[in-house]
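*Asks:* Supplied structure: entry-v5.txt, compact mmCIF, C-alpha atoms.
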```txt
# COMPACT_ATOMS: atom_id res chain seq x y z
CA MET P 1 -105.98 -45.67 1.57
CA THR P 2 -104.17 -43.75 4.28
CA HIS P 3 -100.50 -44.29 5.11
CA GLN P 4 -99.62 -44.36 8.82
CA ASN P 5 -96.32 -42.69 9.68
CA PRO P 6 -94.15 -44.62 12.14
CA THR P 7 -93.92 -42.91 15.51
CA LYS P 8 -90.75 -42.46 17.51
CA SER P 9 -91.87 -44.97 20.16
CA SER P 10 -92.14 -47.74 17.57
CA PHE P 11 -88.35 -47.79 17.22
CA LEU P 12 -87.72 -48.10 21.00
CA CYS P 13 -87.93 -51.86 21.12
CA PRO P 14 -86.62 -54.00 24.03
CA LEU P 15 -83.52 -54.88 21.97
CA TYR P 16 -82.63 -51.18 21.78
CA PHE P 17 -82.74 -50.83 25.58
CA TYR P 18 -80.75 -54.05 26.00
CA ASN P 19 -77.95 -52.75 23.78
CA GLN P 20 -77.91 -49.45 25.66
CA ARG P 21 -77.52 -51.21 29.00
CA ARG P 22 -74.93 -53.56 27.61
CA TRP P 23 -72.48 -50.75 26.84
CA LEU P 24 -73.08 -48.75 30.00
CA LYS P 25 -70.05 -48.55 32.31
CA PRO P 26 -70.80 -50.51 35.52
CA VAL P 27 -71.31 -48.31 38.58
CA ASP P 28 -68.57 -48.71 41.20
CA SER P 29 -70.02 -47.43 44.49
CA ALA P 30 -70.14 -48.48 48.14
CA GLN P 31 -73.57 -50.05 47.59
CA THR P 32 -72.46 -52.13 44.57
CA ARG P 33 -69.32 -53.26 46.41
CA LEU P 34 -71.46 -54.24 49.40
CA GLU P 35 -73.82 -56.26 47.22
CA ASN P 36 -71.06 -57.92 45.16
CA ARG P 37 -68.59 -58.66 47.97
CA THR P 38 -67.49 -62.22 48.67
CA ARG P 39 -69.45 -63.41 51.71
CA ASP P 40 -67.76 -64.84 54.77
CA HIS P 41 -70.42 -67.21 56.12
CA GLN P 42 -68.54 -67.96 59.34
CA LEU P 43 -68.42 -64.27 60.31
CA ASP P 44 -71.99 -63.74 59.10
CA LYS P 45 -73.16 -66.55 61.38
CA ILE P 46 -71.78 -64.77 64.48
CA ILE P 47 -74.06 -61.70 64.18
CA PRO P 48 -77.52 -63.33 64.71
CA GLN P 49 -76.03 -65.42 67.54
CA ILE P 50 -74.72 -62.32 69.33
CA ARG P 51 -78.04 -60.54 68.75
CA LYS P 52 -79.91 -63.36 70.54
CA LEU P 53 -77.45 -63.20 73.42
CA ASN P 54 -77.86 -59.42 73.68
CA ILE P 55 -81.67 -59.78 73.78
CA ILE P 56 -81.37 -62.35 76.58
CA LEU P 57 -79.04 -60.04 78.51
CA GLU P 58 -81.44 -57.13 77.99
CA ILE P 59 -84.36 -59.24 79.32
CA SER P 60 -82.30 -60.30 82.35
CA LYS P 61 -81.44 -56.64 82.98
CA LEU P 62 -85.13 -55.70 82.94
CA MET P 63 -85.95 -58.62 85.24
CA SER P 64 -83.25 -57.66 87.75
CA SER P 65 -84.58 -54.09 87.88
CA LYS P 66 -87.88 -55.32 89.35
CA LYS P 67 -88.01 -54.94 93.14
CA ARG P 68 -90.62 -57.62 93.84
CA GLY P 69 -88.18 -60.47 93.32
CA PRO P 70 -85.87 -62.26 90.86
CA PHE P 71 -88.78 -63.46 88.73
CA VAL P 72 -91.36 -61.80 86.47
CA SER P 73 -94.73 -62.97 85.17
CA LEU P 74 -94.92 -63.81 81.48
CA GLN P 75 -97.87 -61.44 81.22
CA LEU P 76 -95.63 -58.52 82.22
CA MET P 77 -92.80 -59.74 80.00
CA SER P 78 -95.11 -59.67 76.96
CA ARG P 79 -94.96 -55.85 77.17
CA TRP P 80 -91.18 -55.88 76.69
CA LYS P 81 -91.30 -57.04 73.08
CA ASN P 82 -90.45 -53.63 71.59
CA LEU P 83 -88.13 -52.69 74.45
CA VAL P 84 -85.74 -55.57 73.74
CA GLY P 85 -86.15 -55.45 69.94
CA LEU P 86 -88.05 -58.70 69.39
CA ASN P 87 -90.28 -59.40 66.40
CA VAL P 88 -91.85 -62.48 68.05
CA ASN P 89 -93.73 -63.03 71.30
CA VAL P 90 -91.46 -62.82 74.37
CA GLY P 91 -92.89 -66.05 75.77
CA ALA P 92 -92.11 -67.91 72.55
CA PHE P 93 -88.57 -66.52 72.57
CA ILE P 94 -87.65 -67.43 76.15
CA GLY P 95 -89.14 -70.92 75.67
CA LYS P 96 -86.35 -71.64 73.17
CA TYR P 97 -83.61 -71.04 75.74
CA PRO P 98 -84.22 -73.24 78.83
CA HIS P 99 -80.53 -72.95 79.80
CA ALA P 100 -80.99 -69.17 80.24
CA PHE P 101 -84.61 -68.93 81.44
CA GLU P 102 -86.57 -71.07 83.89
CA ILE P 103 -90.37 -70.96 83.50
CA PHE P 104 -92.48 -72.04 86.49
CA THR P 105 -96.00 -71.66 87.87
CA HIS P 106 -96.34 -69.19 90.71
CA PRO P 107 -97.55 -71.12 93.78
CA PHE P 108 -100.04 -68.45 94.91
CA SER P 109 -101.34 -66.61 91.83
CA LYS P 110 -100.92 -69.75 89.66
CA ASN P 111 -99.75 -67.71 86.67
CA LEU P 112 -96.65 -68.51 84.62
CA CYS P 113 -93.46 -66.75 85.74
CA CYS P 114 -89.89 -66.67 84.55
CA LYS P 115 -86.47 -66.23 86.13
CA ILE P 116 -82.85 -66.46 85.00
CA THR P 117 -81.29 -69.89 85.54
CA GLU P 118 -78.57 -70.13 88.15
CA LYS P 119 -76.02 -71.23 85.55
CA PHE P 120 -76.63 -68.18 83.35
CA LYS P 121 -76.71 -65.80 86.32
CA VAL P 122 -73.29 -67.07 87.39
CA LEU P 123 -71.91 -66.17 83.94
CA ILE P 124 -73.50 -62.69 84.05
CA ASP P 125 -71.84 -62.07 87.42
CA GLU P 126 -68.58 -63.52 86.09
CA GLU P 127 -68.58 -61.07 83.17
CA GLU P 128 -69.11 -58.12 85.53
CA ASN P 129 -66.23 -59.32 87.72
CA VAL P 130 -63.90 -59.87 84.74
CA VAL P 131 -64.68 -56.38 83.38
CA ARG P 132 -63.79 -54.92 86.80
CA GLU P 133 -60.59 -56.99 86.96
CA CYS P 134 -59.54 -55.79 83.48
CA GLU P 135 -59.99 -52.14 84.45
CA VAL P 136 -56.35 -51.23 83.75
CA ASP P 137 -56.63 -52.60 80.20
CA ALA P 138 -59.84 -50.61 79.68
CA VAL P 139 -58.09 -47.41 80.79
CA LYS P 140 -55.28 -48.14 78.34
CA ARG P 141 -57.78 -48.59 75.49
CA VAL P 142 -59.47 -45.26 76.22
CA LYS P 143 -56.08 -43.51 76.41
CA LYS P 144 -55.02 -44.96 73.06
CA LEU P 145 -58.30 -43.83 71.50
CA LEU P 146 -57.68 -40.31 72.82
CA LEU P 147 -54.14 -40.43 71.40
CA LEU P 148 -55.65 -41.41 68.03
CA SER P 149 -57.87 -38.32 68.04
CA LYS P 150 -56.77 -35.11 66.35
CA HIS P 151 -56.87 -32.89 69.45
CA GLY P 152 -56.76 -35.45 72.27
CA VAL P 153 -60.50 -35.21 72.92
CA LEU P 154 -63.46 -37.56 72.44
CA ARG P 155 -67.18 -37.25 73.05
CA VAL P 156 -68.37 -39.33 76.00
CA HIS P 157 -71.49 -40.23 73.99
CA ALA P 158 -69.31 -41.92 71.34
CA LEU P 159 -67.52 -43.93 74.04
CA ARG P 160 -70.87 -44.88 75.55
CA LEU P 161 -72.00 -46.31 72.20
CA ILE P 162 -69.02 -48.71 72.07
CA ARG P 163 -68.77 -49.22 75.84
CA LYS P 164 -69.27 -52.97 75.57
CA GLU P 165 -66.84 -53.28 72.65
CA LEU P 166 -64.12 -51.54 74.69
CA GLY P 167 -64.79 -53.71 77.75
CA LEU P 168 -65.92 -50.76 79.88
CA PRO P 169 -68.36 -51.20 82.80
CA GLU P 170 -71.84 -49.74 82.50
CA ASP P 171 -71.01 -47.01 85.00
CA PHE P 172 -67.66 -46.18 83.33
CA ARG P 173 -68.21 -42.44 83.70
CA ASP P 174 -67.95 -42.75 87.51
CA SER P 175 -65.90 -45.94 87.87
CA ILE P 176 -63.28 -45.17 85.20
CA LEU P 177 -63.28 -41.55 84.04
CA ALA P 178 -63.74 -39.99 87.48
CA LYS P 179 -61.44 -42.48 89.21
CA TYR P 180 -58.49 -41.92 86.85
CA SER P 181 -58.51 -38.13 86.99
CA SER P 182 -54.74 -38.06 86.47
CA GLU P 183 -55.24 -39.67 83.04
CA PHE P 184 -58.50 -38.07 81.81
CA ARG P 185 -60.23 -34.76 82.30
CA LEU P 186 -63.88 -33.99 81.60
CA VAL P 187 -63.80 -30.61 79.85
CA ASP P 188 -67.58 -30.47 80.08
CA LEU P 189 -70.36 -32.99 80.63
CA GLU P 190 -69.84 -34.69 77.24
CA THR P 191 -66.19 -34.02 76.28
CA LEU P 192 -63.28 -36.13 77.52
CA GLU P 193 -59.70 -34.88 77.24
CA LEU P 194 -56.39 -36.68 77.71
CA VAL P 195 -54.22 -35.08 80.39
CA ASP P 196 -50.83 -36.20 79.04
CA ARG P 197 -50.29 -36.76 75.30
CA ASP P 198 -46.57 -37.54 75.57
CA ASP P 199 -46.81 -41.24 76.52
CA GLU P 200 -44.64 -42.74 73.77
CA SER P 201 -45.16 -46.32 74.99
CA LEU P 202 -48.84 -46.19 73.96
CA CYS P 203 -48.19 -44.67 70.54
CA VAL P 204 -47.51 -48.00 68.83
CA ALA P 205 -50.24 -49.34 66.56
CA LYS P 206 -51.14 -53.04 66.50
CA VAL P 207 -50.23 -53.25 62.80
CA GLU P 208 -46.73 -51.95 63.56
CA GLU P 209 -46.17 -54.88 65.93
CA TRP P 210 -47.18 -57.20 63.06
CA ARG P 211 -44.75 -55.43 60.71
CA GLU P 212 -41.90 -55.91 63.15
CA VAL P 213 -42.57 -59.66 63.27
CA GLU P 214 -42.79 -59.84 59.45
CA TYR P 215 -39.51 -57.96 59.08
CA ARG P 216 -37.69 -60.04 61.69
CA GLU P 217 -39.03 -63.54 60.93
CA LYS P 218 -39.57 -63.43 57.17
CA TRP P 219 -36.47 -61.38 56.36
CA LEU P 220 -38.46 -58.92 54.27
CA SER P 221 -37.03 -55.49 53.48
CA LYS P 222 -38.20 -52.32 55.24
CA PHE P 223 -39.45 -51.11 51.86
CA GLU P 224 -41.87 -54.07 51.71
CA THR P 225 -43.04 -53.96 55.33
CA ASN P 226 -42.85 -50.35 56.53
CA TYR P 227 -46.38 -49.43 55.38
CA ALA P 228 -47.90 -52.87 54.75
CA PHE P 229 -51.04 -54.43 56.29
CA PRO P 230 -51.86 -58.12 56.87
CA ILE P 231 -54.08 -59.29 54.03
CA HIS P 232 -56.49 -62.23 54.46
CA LEU P 233 -58.74 -62.50 51.42
CA PRO P 234 -61.98 -64.47 51.97
CA THR P 235 -62.42 -67.98 50.60
CA GLY P 236 -63.81 -67.82 47.07
CA PHE P 237 -62.55 -64.28 46.44
CA LYS P 238 -62.17 -63.73 42.69
CA ILE P 239 -58.77 -62.22 41.92
CA GLU P 240 -59.14 -60.14 38.77
CA LYS P 241 -56.38 -59.22 36.36
CA GLY P 242 -54.09 -56.56 37.80
CA PHE P 243 -55.39 -56.98 41.38
CA ARG P 244 -52.14 -58.38 42.80
CA GLU P 245 -50.06 -55.60 41.26
CA GLU P 246 -52.42 -52.91 42.57
CA LEU P 247 -52.37 -54.45 46.04
CA LYS P 248 -48.57 -54.67 46.03
CA ASN P 249 -48.26 -51.00 45.06
CA TRP P 250 -50.84 -49.95 47.69
CA GLN P 251 -48.92 -51.82 50.40
CA ARG P 252 -45.85 -49.69 49.62
CA VAL P 253 -47.67 -46.32 49.68
CA PRO P 254 -46.27 -44.22 52.56
CA TYR P 255 -48.70 -42.43 54.88
CA VAL P 256 -48.84 -40.59 58.20
CA LYS P 257 -49.28 -43.34 60.81
CA PRO P 258 -52.22 -43.23 63.28
CA TYR P 259 -50.36 -41.87 66.32
CA ASP P 260 -48.05 -39.51 64.38
CA ARG P 261 -48.79 -35.81 64.75
CA LYS P 262 -47.21 -34.77 61.47
CA GLU P 263 -49.22 -32.78 58.98
CA ILE P 264 -51.51 -35.19 57.14
CA SER P 265 -50.96 -35.34 53.39
CA ARG P 266 -54.03 -34.43 51.35
CA GLY P 267 -53.03 -36.83 48.56
CA LEU P 268 -56.10 -39.05 48.18
CA GLU P 269 -54.31 -42.42 48.27
CA ARG P 270 -52.12 -41.51 51.26
CA PHE P 271 -55.01 -39.90 53.12
CA GLU P 272 -57.27 -42.94 52.58
CA LYS P 273 -54.48 -45.28 53.70
CA ARG P 274 -54.18 -43.35 56.97
CA VAL P 275 -57.97 -43.73 57.44
CA VAL P 276 -57.57 -47.49 56.93
CA ALA P 277 -54.83 -47.48 59.60
CA VAL P 278 -57.00 -45.51 62.07
CA ILE P 279 -60.00 -47.85 61.61
CA HIS P 280 -57.67 -50.87 61.85
CA GLU P 281 -56.30 -49.57 65.17
CA LEU P 282 -59.75 -48.77 66.55
CA LEU P 283 -60.93 -52.31 65.77
CA SER P 284 -57.73 -53.71 67.35
CA LEU P 285 -58.62 -51.88 70.59
CA THR P 286 -62.04 -53.55 70.85
CA VAL P 287 -62.50 -56.72 72.91
CA GLU P 288 -64.02 -58.79 70.09
CA LYS P 289 -62.38 -56.96 67.12
CA MET P 290 -65.70 -55.84 65.69
CA VAL P 291 -68.00 -52.82 65.87
CA GLU P 292 -71.18 -51.63 64.18
CA VAL P 293 -70.44 -49.34 61.22
CA GLU P 294 -73.10 -46.87 62.38
CA ARG P 295 -71.37 -46.49 65.76
CA LEU P 296 -67.99 -46.13 64.11
CA ALA P 297 -69.36 -43.10 62.27
CA HIS P 298 -69.63 -41.21 65.60
CA PHE P 299 -65.80 -41.08 65.72
CA ARG P 300 -65.38 -39.57 62.25
CA LYS P 301 -64.88 -35.99 63.35
CA ASP P 302 -62.67 -36.68 66.40
CA LEU P 303 -60.44 -39.19 64.61
CA GLY P 304 -60.21 -37.20 61.37
CA ILE P 305 -61.99 -39.79 59.21
CA GLU P 306 -63.29 -37.21 56.76
CA VAL P 307 -64.27 -39.68 54.05
CA ASN P 308 -67.11 -42.11 53.41
CA VAL P 309 -66.27 -44.84 55.98
CA ARG P 310 -68.22 -47.58 54.22
CA GLU P 311 -66.60 -46.70 50.88
CA VAL P 312 -63.09 -47.07 52.32
CA ILE P 313 -63.61 -50.33 54.22
CA LEU P 314 -65.25 -52.02 51.22
CA LYS P 315 -62.19 -51.20 49.10
CA HIS P 316 -60.11 -53.46 51.34
CA PRO P 317 -61.77 -56.91 51.63
CA GLY P 318 -58.47 -58.45 52.77
CA ILE P 319 -58.38 -56.23 55.88
CA PHE P 320 -62.04 -55.66 56.79
CA TYR P 321 -65.30 -57.55 56.43
CA VAL P 322 -68.76 -55.97 56.61
CA SER P 323 -71.60 -58.27 57.65
CA THR P 324 -75.12 -57.16 56.77
CA LYS P 325 -76.84 -59.80 58.89
CA GLY P 326 -79.43 -58.38 61.25
CA SER P 327 -80.72 -54.83 61.32
CA SER P 328 -77.28 -53.17 61.12
CA GLN P 329 -73.91 -53.52 59.41
CA THR P 330 -71.07 -54.92 61.52
CA LEU P 331 -67.40 -54.39 60.73
CA PHE P 332 -64.89 -57.18 61.51
CA LEU P 333 -61.10 -57.08 61.57
CA ARG P 334 -60.48 -60.06 59.32
CA GLU P 335 -56.98 -60.96 60.56
CA ALA P 336 -58.29 -61.39 64.13
CA TYR P 337 -60.65 -64.29 63.25
CA SER P 338 -60.19 -67.87 62.14
CA LYS P 339 -63.14 -70.25 61.60
CA GLY P 340 -65.50 -67.82 63.30
CA CYS P 341 -63.47 -67.55 66.53
CA LEU P 342 -61.05 -64.96 67.85
CA ILE P 343 -57.43 -66.08 67.32
CA GLU P 344 -56.14 -64.29 70.44
CA PRO P 345 -58.98 -64.49 73.00
CA ASN P 346 -59.05 -62.36 76.14
CA PRO P 347 -60.82 -62.89 79.52
CA ILE P 348 -63.88 -60.78 78.59
CA TYR P 349 -64.28 -62.54 75.23
CA ASN P 350 -63.94 -65.94 76.95
CA VAL P 351 -66.78 -65.36 79.42
CA ARG P 352 -69.01 -63.90 76.69
CA ARG P 353 -68.26 -66.96 74.58
CA LYS P 354 -69.35 -69.22 77.47
CA MET P 355 -72.65 -67.32 77.63
CA LEU P 356 -73.06 -67.66 73.88
CA ASP P 357 -72.34 -71.40 73.99
CA LEU P 358 -75.05 -71.79 76.64
CA VAL P 359 -77.52 -69.87 74.46
CA LEU P 360 -76.62 -71.95 71.38
CA LEU P 361 -77.58 -75.14 73.23
CA LYS P 362 -81.22 -73.98 72.88
CA THR P 363 -83.40 -76.93 73.98
CA ARG P 364 -80.60 -79.52 73.83
CA TYR P 365 -80.03 -81.29 77.17
CA SER P 366 -83.09 -79.47 78.54
CA ARG P 367 -84.57 -82.77 79.79
CA MET P 368 -81.50 -83.33 81.96
CA LEU P 369 -81.78 -79.72 83.12
CA LEU P 370 -85.41 -80.23 84.17
CA GLN P 371 -84.52 -83.43 86.02
CA ARG P 372 -81.80 -81.61 87.98
CA GLU P 373 -84.21 -78.77 88.79
CA ASP P 374 -86.88 -81.24 90.01
CA GLU P 375 -84.33 -82.96 92.24
CA THR P 376 -83.20 -79.58 93.62
CA HIS P 377 -86.81 -78.54 94.33
CA ARG P 378 -87.55 -81.85 96.09
CA GLU P 379 -84.44 -81.45 98.25
CA GLU P 380 -85.43 -77.88 99.13
CA LYS P 381 -88.98 -78.96 99.92
CA SER P 382 -87.88 -81.75 102.25
CA ARG P 383 -85.30 -79.50 103.93
CA ASP P 384 -87.84 -76.71 104.52
CA VAL P 385 -90.40 -79.16 105.89
CA LEU P 386 -87.83 -80.40 108.42
CA ILE P 387 -86.93 -76.84 109.43
CA SER P 388 -90.55 -75.70 109.73
CA SER P 389 -91.53 -78.77 111.81
CA ASN P 390 -89.35 -77.50 114.65
CA GLU P 391 -91.09 -74.09 114.72
CA ASP P 392 -94.37 -73.15 116.42
CA TRP P 393 -96.58 -72.72 113.34
CA GLU P 394 -100.34 -72.44 113.49
CA GLY P 395 -102.65 -73.68 110.78
CA GLY P 396 -101.84 -75.84 107.77
CA ARG P 397 -98.53 -76.29 106.03
CA ASP P 398 -99.82 -76.20 102.44
CA GLY P 399 -97.59 -74.06 100.23
CA ASP P 400 -94.86 -73.46 102.86
CA TRP P 401 -92.24 -75.13 100.62
CA VAL P 402 -92.53 -72.46 97.90
CA LEU P 403 -91.00 -69.68 100.05
CA PRO P 404 -87.37 -70.62 99.25
CA ILE P 405 -88.12 -70.39 95.51
CA LEU P 406 -89.48 -66.87 95.88
CA GLY P 407 -86.44 -65.90 97.88
CA LYS P 408 -83.99 -66.98 95.19
```
Show me, as structure tokens, the structure contained in the file I just sent.

*Replies:*
Amino acid sequence: MTHQNPTKSSFLCPLYFYNQRRWLKPVDSAQTRLENRTRDHQLDKIIPQIRKLNIILEISKLMSSKKRGPFVSLQLMSRWKNLVGLNVNVGAFIGKYPHAFEIFTHPFSKNLCCKITEKFKVLIDEEENVVRECEVDAVKRVKKLLLLSKHGVLRVHALRLIRKELGLPEDFRDSILAKYSSEFRLVDLETLELVDRDDESLCVAKVEEWREVEYREKWLSKFETNYAFPIHLPTGFKIEKGFREELKNWQRVPYVKPYDRKEISRGLERFEKRVVAVIHELLSLTVEKMVEVERLAHFRKDLGIEVNVREVILKHPGIFYVSTKGSSQTLFLREAYSKGCLIEPNPIYNVRRKMLDLVLLKTRYSRMLLQREDETHREEKSRDVLISSNEDWEGGRDGDWVLPILGK
């Protein structure tokens, strides 16, 4: 009878691996913080809504670029699926938003066509007008961003990426940068420089205004408020033992403020706190107090954010919130929002919100919309018949009434 010696693998039972994992120190990284963060469902809900609005605006932009008229056949639009970032058929998408798109049969070719509704077009034009009217505020934002930078320079490409967030017009290079040559100077094709860096009135961060109010209205000491940030922890946030004490100590840590030109301390805690202040100020300068994390990374070098951006923002859930909804990560300034809406709205945000509200209606009230459109078409038809009856036309009148539609 032979005796079989136990092999090494026979001792590696599942219980052994379980005990090994049980005593392993949990990994604390940006990825684990992202996965384990307390979700803010109201802020998460905003991202897919804005994405739908952006797709609609991109489709309307493509439609307006066509020279044949203000309408496009659905057959042509089906080729735009990848251009606008859709994962469904374009026809199926636009059918969900009758308040933004009007689908009709072409009177001659008899194929289905689409055009932007008058109501939505009015809002698109309104946004363009408001952006132009708020030009001075846009210039101020760009100047403050340049003052935030280490050497008073920024790459134009980085500004282009957050053009919409800063409330800049699409042609901002010509309409803003070239126009205000006394404020900005293009060093080369892609580098923007601030002409005067001694404007003290602009060197006040948004958080410093909040500190002044806290100090004056709540009678707190300078020691408590001089380097503090507004903290708004999300609903359901689990406060662990020692968290409050750590937060209180962090609030008191001194640091070189965003617009100060003093030598930046290389102490890790002070350096990271300055990075928090710079990101906080950048978000405060945006129209909707949010920006994609990937686009924020393009400012790292110019603004001196020489750390892992995602790592820093996830350490401070009371100041920032990262939403992972959609194909990218979006960073929100938590203090600026309440119940999914901006606390201090501005004219650009207001008109964008009106567009979003129209999109969120989807097919609601679409029957009333169709009735109004039918009445409008009947009125146009009768009016055009009366006009054409006074003219010397030869041949039949069939189809004459469709000309006003094509001219819209």

*Asks:* Check the smallest atom-to-atom distance from each of P:Glu190, P:Glu102, P:Glu294, P:Glu200 to Lys143 in chain P using all atoms listed in the file, then report the winner.

*Replies:*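 When distances to Lys143 in chain P are compared using all atoms listed in the file, the smallest one comes from P:Glu200.
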
*Asks:* Go ahead and compute the interatomic distance for CA of Val122 in chain P and CA of Leu57 in chain P, in Å to one decimal.

*Replies:*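 The value is 12.7 Å.
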
*Asks:* With a distance cut-off of 12 Å and only C-alpha atoms, select the neighbouring residues of Lys339 in chain P, excluding the residue or stretch itself and same-chain residues fewer than 6 positions from it, and output the selection as a PyMOL selection string.

*Replies:* chain P and resi 40-46+234-235

*Asks:* Quick one: residues within 9 Å of Lys289 in chain P, all atoms listed in the file, excluding same-chain residues fewer than 5 positions away - as a compact mmCIF listing (two decimals) with C-alpha atoms, keeping the file's coordinate frame?

*Replies:*
```txt
# COMPACT_ATOMS: atom_id res chain seq x y z
CA GLU P 165 -66.84 -53.28 72.65
CA LEU P 282 -59.75 -48.77 66.55
CA LEU P 283 -60.93 -52.31 65.77
CA SER P 284 -57.73 -53.71 67.35
CA LEU P 331 -67.40 -54.39 60.73
CA PHE P 332 -64.89 -57.18 61.51
CA LEU P 333 -61.10 -57.08 61.57
CA ARG P 334 -60.48 -60.06 59.32
CA ALA P 336 -58.29 -61.39 64.13
CA TYR P 337 -60.65 -64.29 63.25
CA LEU P 342 -61.05 -64.96 67.85
```

*Asks:* Just want the 12 Å neighbourhood of Val187 in chain P, counted on only C-alpha atoms, with same-chain residues fewer than 3 positions away dropped. Output as a CSV table (one decimal) with C-alpha atoms, keeping the file's coordinate frame.

*Replies:*
```csv
chain,number,residue,atom,x,y,z
P,152,GLY,CA,-56.8,-35.4,72.3
P,153,VAL,CA,-60.5,-35.2,72.9
P,154,LEU,CA,-63.5,-37.6,72.4
P,155,ARG,CA,-67.2,-37.2,73.0
P,156,VAL,CA,-68.4,-39.3,76.0
P,177,LEU,CA,-63.3,-41.6,84.0
P,181,SER,CA,-58.5,-38.1,87.0
P,184,PHE,CA,-58.5,-38.1,81.8
P,190,GLU,CA,-69.8,-34.7,77.2
P,191,THR,CA,-66.2,-34.0,76.3
P,192,LEU,CA,-63.3,-36.1,77.5
P,193,GLU,CA,-59.7,-34.9,77.2
P,194,LEU,CA,-56.4,-36.7,77.7
P,195,VAL,CA,-54.2,-35.1,80.4
```

*Asks:* Suppose you want the space between CA of Pro98 in chain P and CA of Gly69 in chain P; what is it in Å?

*Replies:*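 Atom-to-atom, CA of Pro98 in chain P and CA of Gly69 in chain P are spaced 19.7 Å apart.
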
*Asks:* Near Val131 in chain P, within 8 Å and counting all atoms listed in the file, which residues show up once chain neighbours fewer than 3 positions away are dropped, as an MDAnalysis selection string?

*Replies:* chainID P and resid 127:128 134:135 167:169 348

*Asks:* Just checking: using only C-alpha atoms, which residue out of P:Leu285, P:Val139, P:Val359, P:Ile264 ends up closest to Gly304 in chain P?

*Replies:*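 Nearest to Gly304 in chain P: P:Ile264.
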
*Asks:* Kindly give the distance, in Å, that separates CA of Glu246 in chain P and CA of Asn226 in chain P, rounded to a single decimal.

*Replies:*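 Atom-to-atom, CA of Glu246 in chain P to CA of Asn226 in chain P, that is 17.1 Å.
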